[in-house]
$ cat structure-v9.csv   # CSV, C-alpha atoms
chain,number,residue,atom,x,y,z
A,1,MET,CA,19.5,-16.3,19.8
A,2,ASN,CA,18.0,-18.9,17.5
A,3,ALA,CA,15.6,-16.5,15.7
A,4,LEU,CA,15.1,-15.3,12.1
A,5,PHE,CA,13.5,-12.0,11.1
A,6,VAL,CA,11.9,-12.3,7.6
A,7,GLY,CA,11.4,-8.9,5.9
A,8,ILE,CA,9.7,-7.8,2.7
A,9,GLY,CA,12.3,-8.0,-0.1
A,10,LYS,CA,15.0,-5.4,-0.1
A,11,SER,CA,12.7,-2.6,1.1
A,12,ALA,CA,13.5,0.1,3.6
A,13,PRO,CA,10.9,-1.4,6.1
A,14,CYS,CA,12.8,-4.7,5.8
A,15,TRP,CA,15.9,-2.9,6.9
A,16,TYR,CA,14.5,-1.0,9.9
A,17,ARG,CA,11.8,-3.5,11.0
A,18,ALA,CA,13.7,-6.8,10.4
A,19,ALA,CA,17.4,-6.3,9.8
A,20,LEU,CA,18.2,-3.7,12.5
A,21,PRO,CA,16.2,-5.4,15.3
A,22,ALA,CA,17.7,-8.7,14.4
A,23,MET,CA,21.2,-7.5,14.5
A,24,HIS,CA,20.6,-5.6,17.7
A,25,LEU,CA,19.3,-8.9,19.3
A,26,GLY,CA,22.0,-11.1,17.8
A,27,ALA,CA,19.5,-12.9,15.5
A,28,GLU,CA,19.6,-13.6,11.8
A,29,TRP,CA,17.6,-11.8,9.2
A,30,CYS,CA,16.6,-12.1,5.5
A,31,GLY,CA,14.4,-10.3,3.0
A,32,VAL,CA,12.1,-12.4,0.8
A,33,ARG,CA,10.0,-12.1,-2.3
A,34,GLY,CA,7.2,-14.3,-3.4
A,35,GLU,CA,4.9,-16.7,-1.5
A,36,PRO,CA,5.7,-20.0,0.3
A,37,PRO,CA,6.8,-22.5,-0.6
A,38,LYS,CA,8.6,-20.6,-3.5
A,39,LEU,CA,10.3,-17.8,-1.7
A,40,ALA,CA,13.2,-16.0,-3.2
A,41,PHE,CA,15.7,-15.0,-0.5
A,42,VAL,CA,17.0,-11.7,-1.9
A,43,THR,CA,19.0,-10.2,1.0
A,44,GLY,CA,20.0,-11.0,4.6
A,45,LEU,CA,22.6,-12.0,7.1
A,46,SER,CA,22.4,-15.7,8.0
A,47,THR,CA,24.7,-18.6,8.6
A,48,ARG,CA,22.5,-20.9,6.6
A,49,ALA,CA,21.8,-21.2,2.9
A,50,LEU,CA,18.2,-20.2,3.3
A,51,ASP,CA,15.2,-21.8,1.8
A,52,VAL,CA,11.7,-22.4,3.3
A,53,ASP,CA,12.8,-25.7,4.9
A,54,GLU,CA,15.5,-23.9,6.8
A,55,LEU,CA,12.8,-21.8,8.6
A,56,PHE,CA,11.9,-25.0,10.6
A,57,GLU,CA,15.4,-24.9,12.2
A,58,TYR,CA,14.7,-21.7,14.2
A,59,GLU,CA,13.0,-21.4,17.6
A,60,THR,CA,11.3,-18.2,16.5
A,61,VAL,CA,10.5,-16.7,13.1
A,62,VAL,CA,9.3,-13.1,12.9
A,63,LEU,CA,7.4,-12.4,9.6
A,64,GLN,CA,6.9,-8.9,8.3
A,65,GLN,CA,3.3,-8.5,7.2
A,66,PRO,CA,2.7,-11.9,5.8
A,67,ARG,CA,-0.6,-12.1,3.8
A,68,GLY,CA,-2.4,-14.8,2.0
A,69,ALA,CA,-3.3,-18.4,2.4
A,70,ALA,CA,0.2,-19.6,1.5
A,71,TRP,CA,1.6,-17.7,4.4
A,72,LEU,CA,-1.1,-19.0,6.7
A,73,ARG,CA,-0.3,-22.6,5.7
A,74,LEU,CA,3.4,-21.9,6.4
A,75,ILE,CA,2.6,-20.3,9.8
A,76,ARG,CA,0.6,-23.3,10.8
A,77,ARG,CA,3.3,-25.8,9.6
A,78,LEU,CA,6.0,-23.9,11.5
A,79,GLN,CA,3.9,-23.9,14.7
A,80,ALA,CA,3.1,-27.6,14.3
A,81,ALA,CA,6.9,-28.2,14.2
A,82,GLY,CA,7.3,-26.2,17.5
A,83,VAL,CA,8.5,-22.9,15.9
A,84,LYS,CA,7.1,-19.7,17.5
A,85,VAL,CA,5.8,-17.3,14.8
A,86,LEU,CA,5.5,-13.6,15.3
A,87,PHE,CA,3.7,-11.3,12.9
A,88,GLU,CA,5.5,-7.9,12.6
A,89,ILE,CA,3.6,-4.8,11.4
A,90,ASP,CA,4.1,-1.1,11.5
A,91,ASP,CA,1.1,0.0,9.3
A,92,ASP,CA,-2.5,0.6,10.1
A,93,VAL,CA,-3.5,-1.5,7.1
A,94,HIS,CA,-7.2,-0.7,7.6
A,95,ALA,CA,-6.5,3.0,7.1
A,96,VAL,CA,-4.1,2.7,4.1
A,97,GLY,CA,-6.7,1.1,1.8
A,98,LYS,CA,-9.2,3.9,2.6
A,99,HIS,CA,-6.7,6.8,2.0
A,100,ALA,CA,-7.2,7.9,-1.6
A,101,GLY,CA,-3.8,9.5,-1.9
A,102,HIS,CA,-1.7,6.8,-0.3
A,103,MET,CA,0.8,5.3,-2.7
A,104,TYR,CA,0.2,1.7,-1.5
A,105,ARG,CA,-3.6,2.0,-1.4
A,106,THR,CA,-4.2,-0.8,-3.9
A,107,SER,CA,-2.0,-3.2,-1.9
A,108,PHE,CA,-4.5,-3.1,1.0
A,109,SER,CA,-7.9,-4.0,-0.4
A,110,ARG,CA,-10.5,-5.4,2.0
A,111,ALA,CA,-9.7,-8.9,0.8
A,112,GLN,CA,-6.0,-8.4,1.4
A,113,VAL,CA,-6.5,-6.9,4.8
A,114,ARG,CA,-8.7,-9.9,5.7
A,115,GLU,CA,-5.9,-12.3,4.7
A,116,MET,CA,-3.5,-10.3,6.9
A,117,GLU,CA,-6.0,-10.5,9.8
A,118,LEU,CA,-6.1,-14.3,9.5
A,119,ASN,CA,-2.3,-14.5,9.7
A,120,MET,CA,-2.4,-12.1,12.7
A,121,ARG,CA,-4.8,-14.4,14.5
A,122,ALA,CA,-2.8,-17.5,13.7
A,123,ALA,CA,0.5,-16.1,14.9
A,124,ASP,CA,1.8,-16.6,18.4
A,125,GLY,CA,1.9,-12.9,18.8
A,126,LEU,CA,2.3,-9.5,17.1
A,127,ILE,CA,5.1,-7.0,17.1
A,128,VAL,CA,3.8,-3.5,16.3
A,129,SER,CA,5.4,-0.1,16.1
A,130,THR,CA,3.1,2.1,18.2
A,131,GLU,CA,0.7,1.8,21.1
A,132,PHE,CA,-2.1,2.9,18.7
A,133,LEU,CA,-1.5,-0.2,16.6
A,134,ALA,CA,-1.3,-2.4,19.7
A,135,GLN,CA,-4.7,-1.2,20.7
A,136,ARG,CA,-6.1,-1.7,17.1
A,137,TYR,CA,-4.7,-5.2,16.6
A,138,ARG,CA,-5.1,-6.6,20.2
A,139,ALA,CA,-8.6,-7.7,19.1
A,140,LEU,CA,-7.0,-10.0,16.6
A,141,ASN,CA,-4.3,-11.4,18.9
A,142,ALA,CA,-4.0,-10.8,22.6
A,143,ARG,CA,-0.2,-11.2,22.6
A,144,VAL,CA,1.1,-7.8,21.3
A,145,TRP,CA,4.5,-6.2,21.9
A,146,VAL,CA,5.2,-2.5,21.0
A,147,CYS,CA,8.7,-2.1,19.4
A,148,ARG,CA,9.0,1.4,18.2
A,149,ASN,CA,10.8,1.9,14.9
A,150,GLY,CA,12.7,4.8,13.6
A,151,LEU,CA,16.2,5.9,12.6
A,152,ASP,CA,18.6,7.8,14.8
A,153,LEU,CA,18.2,11.1,13.0
A,154,GLY,CA,20.4,12.8,15.6
A,155,ARG,CA,23.4,11.3,13.8
A,156,TYR,CA,22.5,13.4,10.8
A,157,ALA,CA,22.0,16.7,12.6
A,158,MET,CA,23.9,19.5,11.0
A,159,THR,CA,25.6,22.0,13.2
A,160,PRO,CA,27.2,25.1,11.8
A,161,PRO,CA,30.9,25.4,12.0
A,162,ARG,CA,32.3,27.7,14.7
A,163,GLY,CA,34.5,30.6,14.1

$ encode --input "structure-v9.csv" --output "structure tokens"
Amino acid sequence: MNALFVGIGKSAPCWYRAALPAMHLGAEWCGVRGEPPKLAFVTGLSTRALDVDELFEYETVVLQQPRGAAWLRLIRRLQAAGVKVLFEIDDDVHAVGKHAGHMYRTSFSRAQVREMELNMRAADGLIVSTEFLAQRYRALNARVWVCRNGLDLGRYAMTPPRG
């Protein structure tokens, strides 16, 4: 599979929304910080020495919650080069910014959400974690796939010893 999943830094969501799906599908993945064209590739599993120019060598690039005009320009450049770009999200960004107690509330202002919406519209499709998000974001992009996230917590189930 000639695809790259691009996650947010070294975050837990990068692991379970970019790294794990990529490895399951036989794709490559990385975590980045910053904005294009000056991205810092901080983690990942790839056969290439990644930089922004290397993204153009993939058939598909999955971007985790890209926001801002720099990402929009990169999405359009990738598409112009024939690369399919998917926008991955597992948050209701419209709700986070309105929730007074949410720890990331300041990261989802109206302006920041509008920037994300522009990138959602520009992408070739969206990958979301729930049917609720699929319904919410289908108005921004008709091509939506639901890919549930989560960890296999059954592996951590504790059972009392017998006897």

$ atom_distance --input "structure-v9.csv" --atom1 "CA of Phe87 (chain A)" --atom2 "CA of Tyr58 (chain A)"
15.2 Å

$ closest_residue --input "structure-v9.csv" --among "A:Lys84, A:His94, A:Arg17, A:Arg77" --to "Gln64 (chain A)" --atoms "only C-alpha atoms"
A:Arg17

$ residues_near_point --input "structure-v9.csv" --point "(5.7, -9.9, 15.0)" --cutoff "10 Å" --atoms "only C-alpha atoms" --output "list in words"
Phe5, Val6, Arg17, Ala18, Val61, Val62, Leu63, Gln64, Gln65, Pro66, Val85, Leu86, Phe87, Glu88, Ile89, Asp90, Met120, Ala123, Asp124, Gly125, Leu126, Ile127, Val128, Ser129, Arg143, Val144, Trp145, Val146 and Cys147 of chain A

$ residues_around --input "structure-v9.csv" --residues "region 32-42 of chain A" --least-positions-apart "4" --cutoff "12 Å" --atoms "all atoms listed in the file" --output "count of residues only"
34

$ residues_near_point --input "structure-v9.csv" --point "(16.1, -16.9, 15.4)" --cutoff "8 Å" --atoms "all atoms listed in the file" --output "VMD selection string"
chain A and resid 1 to 5 27 to 28 58 to 61

$ atom_distance --input "structure-v9.csv" --atom1 "CA of Glu115 (chain A)" --atom2 "CA of Glu57 (chain A)"
25.9 Å
